[in-house]
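Here the structure comes first, spelled out in structure tokens, and everything after it is commentary.
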Amino acid sequence: MGAVVADDGPSGVKAPDGGWGWAVLFGCFIITGFSYAFPKAVSVFFKELIREFGIGYSDTAWISSILLAMLYGTGPLCSVCVNRFGCRPVMLVGGLFASMGMVIASFCTSIVQIYLTAGVITGLGLALNFQPSLIMLNRYFDKRRPLANGLSAAGSPVFLCALSPLGQILQHEYGWRGGFLILGGMLLNCCVCGALMRPLEPPKKSEATKEPAEKKVKKKLLDFSVFKDGGFVIYTLAASIMVLGLFVPPVFVVSYAKDLGYQDTKAAFLLTILGFIDIFARPICGIVAGLKWVRPRCVYLFSFAMIFNGFTDLMGSMSVDYGGLVVFCIFFGISYGMVGALQFEVLMAIVGTQKFSSAIGLVLLAEAMAVLIGPPSAGKLLDATGRYMFVFMIAGIEVTTSALVLALGNFFCIKKKPEEPHTKEEAAEREELNKSEDKTPEDAKVDSIEVEQFLKDEPEKNGEVVTNPETCV
């Protein structure tokens with residue numbers, strides 16, 4: 001259990017911002033790539049599954065939906081596991097689950113069995129890897145955290161560009177069963193990434209004094225106190241609205257091009273353009289977010305990225321030819337990459353390192369509901385109207401609304417906290433009082449000197465200081 005204690009993000013440890021953190025970043029890059037790209041890459045096997053089991057396209061599409069639902073919906077479960085066992089053990093088990101699900105799926109004889117194996121088991125395994133990797137990235141990086149988040153988020157478009165062609169090759173050479181088996185073997189690399197997540201060790205001198213406090217914190221497996229933070233509530237609401245429309249355009253842009261009369265290969269090339277732009281947009285946005293003037297205002301940069309994305313959707317709804325869709329994919333790739341690079345960076349900045357493991361689980365659960373509603377609702381709208389323009393317009397309005405909720409909520413609700421500095425001072429005084437009880441006589445002499453100096457520097461507050469128990473040393 002010693003490794004679990006060290007993995008809990010002790011407050012006495014300073015983020016190294018490098019060193020082994022780069023290995024952690026590499027592991028997070030691979031995990032992010034698998035988590036976001038795998039549900040989309042599996043779609044290349046859908047035609048063979050339709051032929052094998054005599055089902056419709058909507059039936060096979062549930063595989064990707066279940067994968068995404070497990071990735072988002074099991075957020076609180078992942079938070080509890082991380083707070084109980086630590087990041088590394090959870091990721092190792094998750095890697096085994098992800099691989100085992102695809103391997104078993106290669107022997108399935110019905111689509112329902114594939115739902116349970118490739119959908120539920122593999123989705124749970126990816127979720128048990130994705131969330132802990134972000135938590136470890138947050139612990140290893142502080143000053144360079146925006147850059148680290150941007151680089152790790154780039155794993156999604158990179159793996160999407162790699163896994164989709166690889167899936168086509170595997171399907172052609174080995175069929176869907178052989179492809180599932182090989183992909184299951186590839187997912188074992190998640191275990192390797194989990195092994196890279198070495199826990200940060202607290203200072204040896206403070207282990208004896210801080211051990212009781214750490215044990216008390218560890219009993220709270222899921223910290224619901226994050227809902228007391230107005231910034232977290234506003235972020236969760238905005239993120240849930242954003243997810244309703246964020247994933248709709250990439251899902252429908254290929255069908256949009258096909259309906260305009262373009263060939264399948266030419267239509268599919270639009271996603272390649274979008275992914276290629278996305279690869280560069282995420283790390284560049286991470287660099288910009290790490291600038292000294294920008295980082296304190298990162299939440300507003302995130303709001304701008306969402307407005308940019310929503311406006312791009314609105315303009316894309318007016319596309320009438322292939323050139324217009326290419327321009328749309330370029331700007332959507334930029335804005336989509338900015339959103340991907342900033343979404344978890346902003347959450348980390350709002351809740352801090354200690355509560356991030358619980359906060360991300362609760363946010364992902366809220367987003368899971370929106371993920372299940374968004375694309376199906378857009379599909380029903382398309383069936384009713386027969387026009388892609390309305391689908392893109394609704395998606396743009398939803399993303400733009402989320403940006404306004406985040407920016408205006410942060411500006412009007414979060415900044416107006418006149419009582420906050422005073423309460424922080426009181427908390428600091430209480431901490432100092434608790435520490436003074438455990439100090440040696442030599443430390444007490446030093447405290448008395450500091451009190452005398454404080455009395456000289458701020459005579460107008462003498463009444464408050466005299467009555468403070470800290471001056472009775």
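Labels for the structure tokens follow display order: chains A, B, ..., residues from 1 in each chain, ligands from 1.
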
Counting only C-alpha atoms, give me one row per residue of region 297-357 of chain A with an atom at most 10 Å from an atom of region 258-275 of chain A, showing the shortest contact pair and its distance in Å to one decimal, sorted by chain then residue number, as a tab-separated table.
residue	atom	partner	partner_atom	distance
A:Ser319	CA	A:Leu260	CA	9.9
A:Val320	CA	A:Leu260	CA	7.6
A:Asp321	CA	A:Leu260	CA	7.0
A:Tyr322	CA	A:Tyr262	CA	7.8
A:Leu325	CA	A:Leu270	CA	7.6
A:Val326	CA	A:Leu270	CA	6.5
A:Val327	CA	A:Ile273	CA	9.7
A:Phe328	CA	A:Leu274	CA	8.8
A:Cys329	CA	A:Leu274	CA	5.0
A:Ile330	CA	A:Leu274	CA	5.9
A:Phe331	CA	A:Leu274	CA	8.3
A:Phe332	CA	A:Leu274	CA	7.0
A:Gly333	CA	A:Leu274	CA	4.7
A:Ile334	CA	A:Leu274	CA	8.2
A:Tyr336	CA	A:Leu274	CA	9.0
A:Gly337	CA	A:Gly275	CA	9.0

Writing out the chosen residues with N, CA and C atoms as a short mmCIF file (atom, residue, chain, number, x, y, z; two decimals), in the first residue's frame:
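In the end it all went to again37.cif:
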data_model
loop_
_atom_site.label_atom_id
_atom_site.label_comp_id
_atom_site.auth_asym_id
_atom_site.auth_seq_id
_atom_site.Cartn_x
_atom_site.Cartn_y
_atom_site.Cartn_z
N SER A 319 -22.04 25.58 -46.90
CA SER A 319 -21.20 25.01 -47.96
C SER A 319 -22.08 24.33 -49.01
N VAL A 320 -21.75 24.59 -50.28
CA VAL A 320 -22.54 24.02 -51.38
C VAL A 320 -21.68 23.21 -52.34
N ASP A 321 -20.35 23.17 -52.10
CA ASP A 321 -19.48 22.39 -52.97
C ASP A 321 -18.31 21.83 -52.16
N TYR A 322 -17.45 21.07 -52.83
CA TYR A 322 -16.34 20.39 -52.14
C TYR A 322 -15.33 21.39 -51.59
N LEU A 325 -16.42 22.67 -48.28
CA LEU A 325 -16.24 21.68 -47.21
C LEU A 325 -14.77 21.55 -46.81
N VAL A 326 -13.85 21.70 -47.77
CA VAL A 326 -12.42 21.66 -47.45
C VAL A 326 -12.06 22.83 -46.53
N VAL A 327 -12.54 24.02 -46.87
CA VAL A 327 -12.28 25.19 -46.02
C VAL A 327 -12.88 24.99 -44.64
N PHE A 328 -14.09 24.42 -44.61
CA PHE A 328 -14.72 24.13 -43.31
C PHE A 328 -13.86 23.18 -42.48
N CYS A 329 -13.35 22.12 -43.09
CA CYS A 329 -12.55 21.13 -42.36
C CYS A 329 -11.24 21.74 -41.84
N ILE A 330 -10.66 22.66 -42.60
CA ILE A 330 -9.42 23.32 -42.15
C ILE A 330 -9.68 24.13 -40.88
N PHE A 331 -10.71 24.96 -40.91
CA PHE A 331 -11.00 25.81 -39.75
C PHE A 331 -11.58 24.99 -38.60
N PHE A 332 -12.34 23.96 -38.93
CA PHE A 332 -12.86 23.10 -37.87
C PHE A 332 -11.72 22.34 -37.19
N GLY A 333 -10.73 21.90 -37.96
CA GLY A 333 -9.58 21.23 -37.39
C GLY A 333 -8.81 22.11 -36.42
N ILE A 334 -8.68 23.42 -36.78
CA ILE A 334 -7.99 24.36 -35.89
C ILE A 334 -8.76 24.54 -34.60
N TYR A 336 -11.24 22.71 -33.36
CA TYR A 336 -11.41 21.44 -32.65
C TYR A 336 -10.14 21.08 -31.88
N GLY A 337 -8.98 21.34 -32.48
CA GLY A 337 -7.71 21.10 -31.81
C GLY A 337 -7.52 22.00 -30.60
#

Exercise for review: Quick one: everything within 7 Å of Thr117 (chain A), counting only C-alpha atoms, minus sequence neighbours fewer than 4 positions away in the same chain. Send it as a VMD selection string.
Suggested key: chain A and resid 101 to 102 104 to 105 113 121 to 122

Point to revise | Picked from region 200-357 of chain A by DSSP as helix (DSSP H, G or I), as number ranges by chain | key: A: 204-218, 224-228, 230-246, 248-259, 264-289, 295-316, 322-351, 353-357

Could the residues in this selection be written to a file with C-alpha atoms, as a short mmCIF file (atom, residue, chain, number, x, y, z; two decimals), in the first residue's frame?
data_model
loop_
_atom_site.label_atom_id
_atom_site.label_comp_id
_atom_site.auth_asym_id
_atom_site.auth_seq_id
_atom_site.Cartn_x
_atom_site.Cartn_y
_atom_site.Cartn_z
CA LYS A 204 11.10 11.76 3.56
CA LYS A 205 11.20 14.27 6.44
CA SER A 206 7.51 15.00 6.27
CA GLU A 207 6.27 11.43 5.95
CA ALA A 208 5.84 10.90 9.69
CA THR A 209 3.99 14.16 10.30
CA LYS A 210 1.71 14.06 7.22
CA GLU A 211 0.79 10.38 7.25
CA PRO A 212 -2.34 10.72 9.43
CA ALA A 213 -3.68 13.60 7.33
CA GLU A 214 -3.09 11.70 4.10
CA LYS A 215 -4.94 8.66 5.43
CA LYS A 216 -7.99 10.79 6.23
CA VAL A 217 -8.05 12.24 2.73
CA LYS A 218 -7.74 8.80 1.15
CA PHE A 224 -18.33 15.68 -4.13
CA SER A 225 -17.13 18.89 -2.49
CA VAL A 226 -16.00 20.04 -5.93
CA PHE A 227 -19.62 21.04 -6.53
CA LYS A 228 -19.15 23.77 -3.91
CA GLY A 230 -18.70 27.74 -8.60
CA GLY A 231 -16.03 27.51 -11.29
CA PHE A 232 -16.38 23.73 -11.46
CA VAL A 233 -20.18 23.88 -11.70
CA ILE A 234 -20.03 26.41 -14.53
CA TYR A 235 -17.37 24.38 -16.34
CA THR A 236 -19.41 21.17 -16.04
CA LEU A 237 -22.54 22.86 -17.37
CA ALA A 238 -20.66 24.47 -20.27
CA ALA A 239 -18.83 21.24 -21.16
CA SER A 240 -22.08 19.26 -21.21
CA ILE A 241 -23.70 21.75 -23.60
CA MET A 242 -20.57 21.81 -25.77
CA VAL A 243 -20.43 18.03 -26.17
CA LEU A 244 -23.99 18.04 -27.55
CA GLY A 245 -22.73 19.62 -30.78
CA LEU A 246 -18.95 19.20 -30.76
CA VAL A 248 -21.68 16.14 -34.73
CA PRO A 249 -19.81 17.74 -37.72
CA PRO A 250 -17.03 15.10 -37.94
CA VAL A 251 -19.69 12.39 -37.94
CA PHE A 252 -21.78 13.92 -40.75
CA VAL A 253 -19.26 15.78 -42.93
CA VAL A 254 -18.43 12.70 -45.04
CA SER A 255 -22.11 11.97 -45.66
CA TYR A 256 -22.60 15.66 -46.46
CA ALA A 257 -19.98 15.43 -49.22
CA LYS A 258 -21.51 12.21 -50.58
CA ASP A 259 -24.92 13.83 -50.80
CA ASP A 264 -16.49 8.01 -51.38
CA THR A 265 -12.69 8.36 -51.37
CA LYS A 266 -12.90 12.09 -52.00
CA ALA A 267 -15.48 12.47 -49.24
CA ALA A 268 -13.40 10.43 -46.77
CA PHE A 269 -10.38 12.63 -47.54
CA LEU A 270 -12.14 15.46 -45.70
CA LEU A 271 -11.55 13.67 -42.39
CA THR A 272 -7.88 13.28 -43.29
CA ILE A 273 -7.62 17.03 -43.81
CA LEU A 274 -9.40 17.68 -40.52
CA GLY A 275 -7.14 15.25 -38.63
CA PHE A 276 -3.93 16.59 -40.18
CA ILE A 277 -4.76 20.16 -39.14
CA ASP A 278 -5.78 18.93 -35.70
CA ILE A 279 -2.35 17.31 -35.16
CA PHE A 280 -0.60 20.69 -35.30
CA ALA A 281 -3.36 22.79 -33.73
CA ARG A 282 -3.25 21.03 -30.35
CA PRO A 283 0.45 21.44 -29.41
CA ILE A 284 0.54 24.99 -30.83
CA CYS A 285 -2.48 25.92 -28.71
CA GLY A 286 -0.74 24.33 -25.72
CA ILE A 287 2.28 26.58 -26.27
CA VAL A 288 0.08 29.68 -26.54
CA ALA A 289 -1.87 28.72 -23.40
CA ARG A 295 -2.28 31.29 -18.78
CA PRO A 296 -4.16 33.21 -16.04
CA ARG A 297 -6.86 33.88 -18.64
CA CYS A 298 -6.90 30.36 -20.05
CA VAL A 299 -10.63 29.97 -19.40
CA TYR A 300 -11.33 32.84 -21.80
CA LEU A 301 -9.05 31.31 -24.43
CA PHE A 302 -11.08 28.12 -24.05
CA SER A 303 -14.28 30.14 -24.51
CA PHE A 304 -12.83 31.71 -27.64
CA ALA A 305 -11.96 28.27 -29.00
CA MET A 306 -15.56 27.14 -28.50
CA ILE A 307 -16.97 30.28 -30.14
CA PHE A 308 -14.54 29.74 -33.03
CA ASN A 309 -15.73 26.15 -33.34
CA GLY A 310 -19.40 27.09 -33.21
CA PHE A 311 -18.96 29.87 -35.77
CA THR A 312 -17.15 27.42 -38.06
CA ASP A 313 -20.14 25.06 -37.85
CA LEU A 314 -22.50 27.89 -38.77
CA MET A 315 -20.38 28.84 -41.78
CA GLY A 316 -20.02 25.17 -42.78
CA TYR A 322 -16.34 20.39 -52.14
CA GLY A 323 -14.14 23.47 -51.86
CA GLY A 324 -16.40 24.92 -49.20
CA LEU A 325 -16.24 21.68 -47.21
CA VAL A 326 -12.42 21.66 -47.45
CA VAL A 327 -12.28 25.19 -46.02
CA PHE A 328 -14.72 24.13 -43.31
CA CYS A 329 -12.55 21.13 -42.36
CA ILE A 330 -9.42 23.32 -42.15
CA PHE A 331 -11.00 25.81 -39.75
CA PHE A 332 -12.86 23.10 -37.87
CA GLY A 333 -9.58 21.23 -37.39
CA ILE A 334 -7.99 24.36 -35.89
CA SER A 335 -10.87 25.10 -33.53
CA TYR A 336 -11.41 21.44 -32.65
CA GLY A 337 -7.71 21.10 -31.81
CA MET A 338 -7.85 24.19 -29.60
CA VAL A 339 -10.81 22.78 -27.68
CA GLY A 340 -9.10 19.41 -27.29
CA ALA A 341 -5.89 20.98 -25.99
CA LEU A 342 -7.60 23.28 -23.48
CA GLN A 343 -10.55 21.37 -22.04
CA PHE A 344 -8.63 19.42 -19.38
CA GLU A 345 -6.06 22.19 -18.83
CA VAL A 346 -8.87 24.55 -17.78
CA LEU A 347 -10.38 21.90 -15.49
CA MET A 348 -6.99 21.32 -13.85
CA ALA A 349 -6.60 25.06 -13.29
CA ILE A 350 -10.08 25.32 -11.72
CA VAL A 351 -10.02 22.44 -9.22
CA THR A 353 -4.25 18.72 -8.31
CA GLN A 354 -5.81 17.26 -5.16
CA LYS A 355 -9.42 17.25 -6.40
CA PHE A 356 -8.76 16.62 -10.08
CA SER A 357 -9.18 12.84 -9.86
#

Review point. CA of Met100 (chain A) and CA of Leu187 (chain A), how far apart in Å?
Key: 8.8 Å

Practice item. Please identify all polymer residues within 12 Å of Ser110 (chain A), counting only C-alpha atoms, omitting same-chain residues fewer than 3 positions from it, and present them as a ChimeraX atom specification. Key: /A:49-50,52-55,59-60,105-107,113-118

Point to revise | Counting only C-alpha atoms, the option among A:Ile394, A:Tyr72, A:Glu48, A:Leu362 closest to Tyr174 (chain A) | key: A:Glu48

Check your understanding: What does the distance between CA of Lys40 (chain A) and CA of Glu173 (chain A) come to in Å, to one decimal place?
Key -> 20.0 Å

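Remark: for Leu128 (chain A), the closest of the candidate residues A:Val294, A:Leu71, A:Val158, A:Ile360 is A:Leu71 (distances computed over only C-alpha atoms).
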